[in-house]
Amino acid sequence: MTDNLWDAVIVGAGPAGAVFAAELAHRCPQKKLLLLDGQDREHPKPCGGLLAPDAQKLLAGLHLTLPNTVLADPQIFAVDTVDLQSGQRRLYQRHYLNMDRYAFDRYLLSRVPDTVRIVRARCTEIKEQNGIYTLKTNGGQTFRTTDVIGADGGNSRVRRMLMGHLPYTYTAIQEWYPESADTAELPHYACIFDAETSDSCSWLIRKNGCVIFGGAFAKTGCHAAFEAQRARLEAYFGIRFGTPEKREACPVTSPRRIRDFTPGRPHVYLIGEAAGFISASSFEGISSAMQSGRMLADAFAKGKSSADIFRLYRKNTRGLRAKLLCKIGKRAILCNSTLRFWIMKSGVQSIPRLDGEGIRI
Ligand SMILES: Cc1cc2nc3c(=O)[nH]c(=O)nc-3n(C[C@H](O)[C@H](O)[C@H](O)COP(=O)(O)OP(=O)(O)OC[C@H]3O[C@@H](n4cnc5c(N)ncnc54)[C@H](O)[C@@H]3O)c2cc1C
């Protein structure tokens, strides 16, 4: 084996890539693994940073707890669902953990043993010749491998270059506003629907002294749609967000059909959002990323050949794919204005909203 020929090169060290690398390195310490990642504090993954119960279960299964440095202030127990068109508003219980997403990713990465070489660079090119994949980075480095793991998120270069097909993506845009007297009027966590500006949902999340307002918008005219929705939200709550501290944008996958979920093919495996593993109804993707990372590591540890690894990985992800398919159905219901109107009107599963004196509003 020449120095830069690796057993596997993992592109992306988000939750999927970090969990895969840590699991596989622990189970097969003899494997020569390389992890490429382009993320840093200046270019963090834009995210709401809410850890759903499924992701919490996975951490528990890995005997992991979360250090306080990963948690964000405040912790939240409910989502305030607001429909800007109908004016309806309902409160529903939720069991998320509010986190600093960058700190969470670094925490997962800290579990990757030293035997895995981590290179801070973006993969810019992948070519295959005679079963060997050559990956080039923006730093001018070249690495060769027989197996490529695409863990590079919603805009996966690995999936685009080697598989061709990418699922539908929205442009997710979010702005961070410092807390002010005006934003004190806003809910701690809200899910916003506004059919006039997007056929998807948006969110408001308080985090460490800021309020995040973000949403997913059709690529064409996304910035104008974001601004129009922000103005409508300001009018609804009678507030001004003020000047944002920062604005972030990136593609976010919205799977629409079964073939959007793809585990890849022998020698080129996809995990996390690169495989389309994200909830179409809520954009919750951290749990599926971690889960698919574990599932691929398990397939690698047990598989006797690349065809066998691929077969095992497909088998392992069957339940996950079925669950995410149901989320496509859920999205169709929630994003339908009429159905949403009647669900919210019924008040099913909602929490009574009380005023300062405990009287139901
Ligand atoms: C705005 C927004 C809000 C969200 N909020 C939530 C939420 O609150 N809760 C939740 O569960 N999910 C949320 N999601 C979804 C969630 O962030 C993703 O589904 C999840 O992060 C996917 O994990 P991953 O490891 O597959 O990919 P990512 O987390 O996207 O990680 C990919 C990694 O690959 C790196 N990378 C990409 N391309 C290259 C390259 N060419 N070379 C090297 N490295 C590369 C990136 O820097 C990154 O570190 C949100 C998504 C968006 C866009």
# chains A, B, ... in the order shown; residues from 1 in each chain; ligands from 1
call {"tool": "residues_around", "arguments": {"residues": "Arg256 in chain A", "least_positions_apart": "6", "cutoff": "8 Å", "atoms": "only C-alpha atoms", "output": "list in words"}}
result
Pro167, Tyr168, Ala280 and Ile328 of chain A
call {"tool": "residues_around", "arguments": {"residues": "Ala78 in chain A", "least_positions_apart": "4", "cutoff": "10 Å", "atoms": "only C-alpha atoms", "output": "list in words"}}
result
Leu91, Tyr92, Gln93, Arg94, His95, Tyr96, Pro187, His188, Tyr189, Ala190, Ser350 and Ile351 of chain A
call {"tool": "select_by_dssp", "arguments": {"residues": "range 86-276 of chain A", "states": "alpha helix (DSSP H)", "output": "PyMOL selection string"}}
result
chain A and resi 101-109+157-158+222-237
call {"tool": "residues_around", "arguments": {"residues": "range 30-32 of chain A", "least_positions_apart": "6", "cutoff": "12 Å", "atoms": "only C-alpha atoms", "output": "JSON, numbers by chain"}}
result
{"A": [1, 2, 3, 4, 5, 6, 7, 8, 9, 10, 21, 22, 23, 24, 113, 114, 115, 116, 117, 118, 144, 145, 146, 147, 297, 300, 301]}
call {"tool": "atom_distance", "arguments": {"atom1": "CA of His223 in chain A", "atom2": "CA of Cys123 in chain A"}}
result
27.8 Å
call {"tool": "closest_residue", "arguments": {"among": "A:Ala18, A:Gly215, A:Asp37, A:Phe226", "to": "Ser292 in chain A", "atoms": "only C-alpha atoms"}}
result
A:Ala18
call {"tool": "closest_residue", "arguments": {"among": "A:Lys45, A:Ala25, A:His165, A:Val268", "to": "Ile126 in chain A", "atoms": "only C-alpha atoms"}}
result
A:Val268
call {"tool": "closest_residue", "arguments": {"among": "A:Val11, A:Ala332, A:Ile192, A:Leu109", "to": "Gln88 in chain A", "atoms": "only C-alpha atoms"}}
result
A:Ile192
call {"tool": "closest_residue", "arguments": {"among": "A:Ile205, A:Cys191, A:Leu71, A:Ala289", "to": "Arg89 in chain A", "atoms": "only C-alpha atoms"}}
result
A:Cys191
call {"tool": "atom_distance", "arguments": {"atom1": "CA of Gly38 in chain A", "atom2": "CA of Asp100 in chain A"}}
result
18.2 Å
call {"tool": "closest_residue", "arguments": {"among": "A:Thr169, A:Val82, A:Ile309, A:Pro251", "to": "Leu204 in chain A", "atoms": "only C-alpha atoms"}}
result
A:Val82
call {"tool": "decode", "arguments": {"residues": "range 224-283 of chain A", "atoms": "C-alpha atoms", "output": "PDB file, in the first residue's frame"}}
result
ATOM      1  CA  ALA A 224     -36.848  38.044  -1.742  1.00  0.00           C
ATOM      2  CA  ALA A 225     -39.175  35.335  -0.319  1.00  0.00           C
ATOM      3  CA  PHE A 226     -37.184  35.263   2.945  1.00  0.00           C
ATOM      4  CA  GLU A 227     -37.426  39.035   3.294  1.00  0.00           C
ATOM      5  CA  ALA A 228     -41.150  39.065   2.456  1.00  0.00           C
ATOM      6  CA  GLN A 229     -41.795  36.377   5.068  1.00  0.00           C
ATOM      7  CA  ARG A 230     -39.734  38.214   7.678  1.00  0.00           C
ATOM      8  CA  ALA A 231     -41.815  41.376   7.064  1.00  0.00           C
ATOM      9  CA  ARG A 232     -45.059  39.368   7.398  1.00  0.00           C
ATOM     10  CA  LEU A 233     -43.789  37.817  10.626  1.00  0.00           C
ATOM     11  CA  GLU A 234     -42.867  41.237  12.003  1.00  0.00           C
ATOM     12  CA  ALA A 235     -46.370  42.456  11.164  1.00  0.00           C
ATOM     13  CA  TYR A 236     -47.971  39.374  12.764  1.00  0.00           C
ATOM     14  CA  PHE A 237     -46.104  39.795  16.062  1.00  0.00           C
ATOM     15  CA  GLY A 238     -45.977  43.623  15.888  1.00  0.00           C
ATOM     16  CA  ILE A 239     -42.171  43.699  16.318  1.00  0.00           C
ATOM     17  CA  ARG A 240     -38.966  44.573  14.456  1.00  0.00           C
ATOM     18  CA  PHE A 241     -36.169  42.009  14.368  1.00  0.00           C
ATOM     19  CA  GLY A 242     -33.489  44.695  14.128  1.00  0.00           C
ATOM     20  CA  THR A 243     -30.108  44.299  12.461  1.00  0.00           C
ATOM     21  CA  PRO A 244     -28.955  40.685  12.130  1.00  0.00           C
ATOM     22  CA  GLU A 245     -25.618  39.614  13.586  1.00  0.00           C
ATOM     23  CA  LYS A 246     -25.188  37.184  10.715  1.00  0.00           C
ATOM     24  CA  ARG A 247     -26.966  35.621   7.768  1.00  0.00           C
ATOM     25  CA  GLU A 248     -26.408  32.020   6.664  1.00  0.00           C
ATOM     26  CA  ALA A 249     -27.612  30.106   3.624  1.00  0.00           C
ATOM     27  CA  CYS A 250     -27.148  26.600   2.266  1.00  0.00           C
ATOM     28  CA  PRO A 251     -29.096  23.956   0.337  1.00  0.00           C
ATOM     29  CA  VAL A 252     -31.333  21.689   2.405  1.00  0.00           C
ATOM     30  CA  THR A 253     -32.630  18.429   1.007  1.00  0.00           C
ATOM     31  CA  SER A 254     -36.353  17.843   0.716  1.00  0.00           C
ATOM     32  CA  PRO A 255     -36.835  14.205  -0.324  1.00  0.00           C
ATOM     33  CA  ARG A 256     -39.930  13.762  -2.464  1.00  0.00           C
ATOM     34  CA  ARG A 257     -39.869  10.120  -3.588  1.00  0.00           C
ATOM     35  CA  ILE A 258     -38.354   6.800  -2.643  1.00  0.00           C
ATOM     36  CA  ARG A 259     -35.408   7.046  -5.046  1.00  0.00           C
ATOM     37  CA  ASP A 260     -34.239  10.215  -3.275  1.00  0.00           C
ATOM     38  CA  PHE A 261     -33.018   7.914  -0.495  1.00  0.00           C
ATOM     39  CA  THR A 262     -29.972   6.175  -1.897  1.00  0.00           C
ATOM     40  CA  PRO A 263     -27.271   4.312   0.025  1.00  0.00           C
ATOM     41  CA  GLY A 264     -24.920   4.698  -2.989  1.00  0.00           C
ATOM     42  CA  ARG A 265     -23.335   1.695  -4.655  1.00  0.00           C
ATOM     43  CA  PRO A 266     -20.494  -0.734  -3.877  1.00  0.00           C
ATOM     44  CA  HIS A 267     -17.315   1.296  -3.190  1.00  0.00           C
ATOM     45  CA  VAL A 268     -19.243   4.605  -3.089  1.00  0.00           C
ATOM     46  CA  TYR A 269     -21.465   4.737  -0.019  1.00  0.00           C
ATOM     47  CA  LEU A 270     -23.671   7.659   0.981  1.00  0.00           C
ATOM     48  CA  ILE A 271     -24.627   8.467   4.568  1.00  0.00           C
ATOM     49  CA  GLY A 272     -26.631  11.232   6.231  1.00  0.00           C
ATOM     50  CA  GLU A 273     -28.158  14.001   4.158  1.00  0.00           C
ATOM     51  CA  ALA A 274     -25.973  13.048   1.180  1.00  0.00           C
ATOM     52  CA  ALA A 275     -28.042   9.845   1.017  1.00  0.00           C
ATOM     53  CA  GLY A 276     -31.256  11.904   1.283  1.00  0.00           C
ATOM     54  CA  PHE A 277     -31.709  10.825   4.909  1.00  0.00           C
ATOM     55  CA  ILE A 278     -33.566  13.826   6.353  1.00  0.00           C
ATOM     56  CA  SER A 279     -37.153  14.360   7.444  1.00  0.00           C
ATOM     57  CA  ALA A 280     -39.165  15.972   4.637  1.00  0.00           C
ATOM     58  CA  SER A 281     -41.657  17.361   7.157  1.00  0.00           C
ATOM     59  CA  SER A 282     -39.360  19.041   9.711  1.00  0.00           C
ATOM     60  CA  PHE A 283     -35.815  18.999   8.215  1.00  0.00           C
TER      61      PHE A 283
END
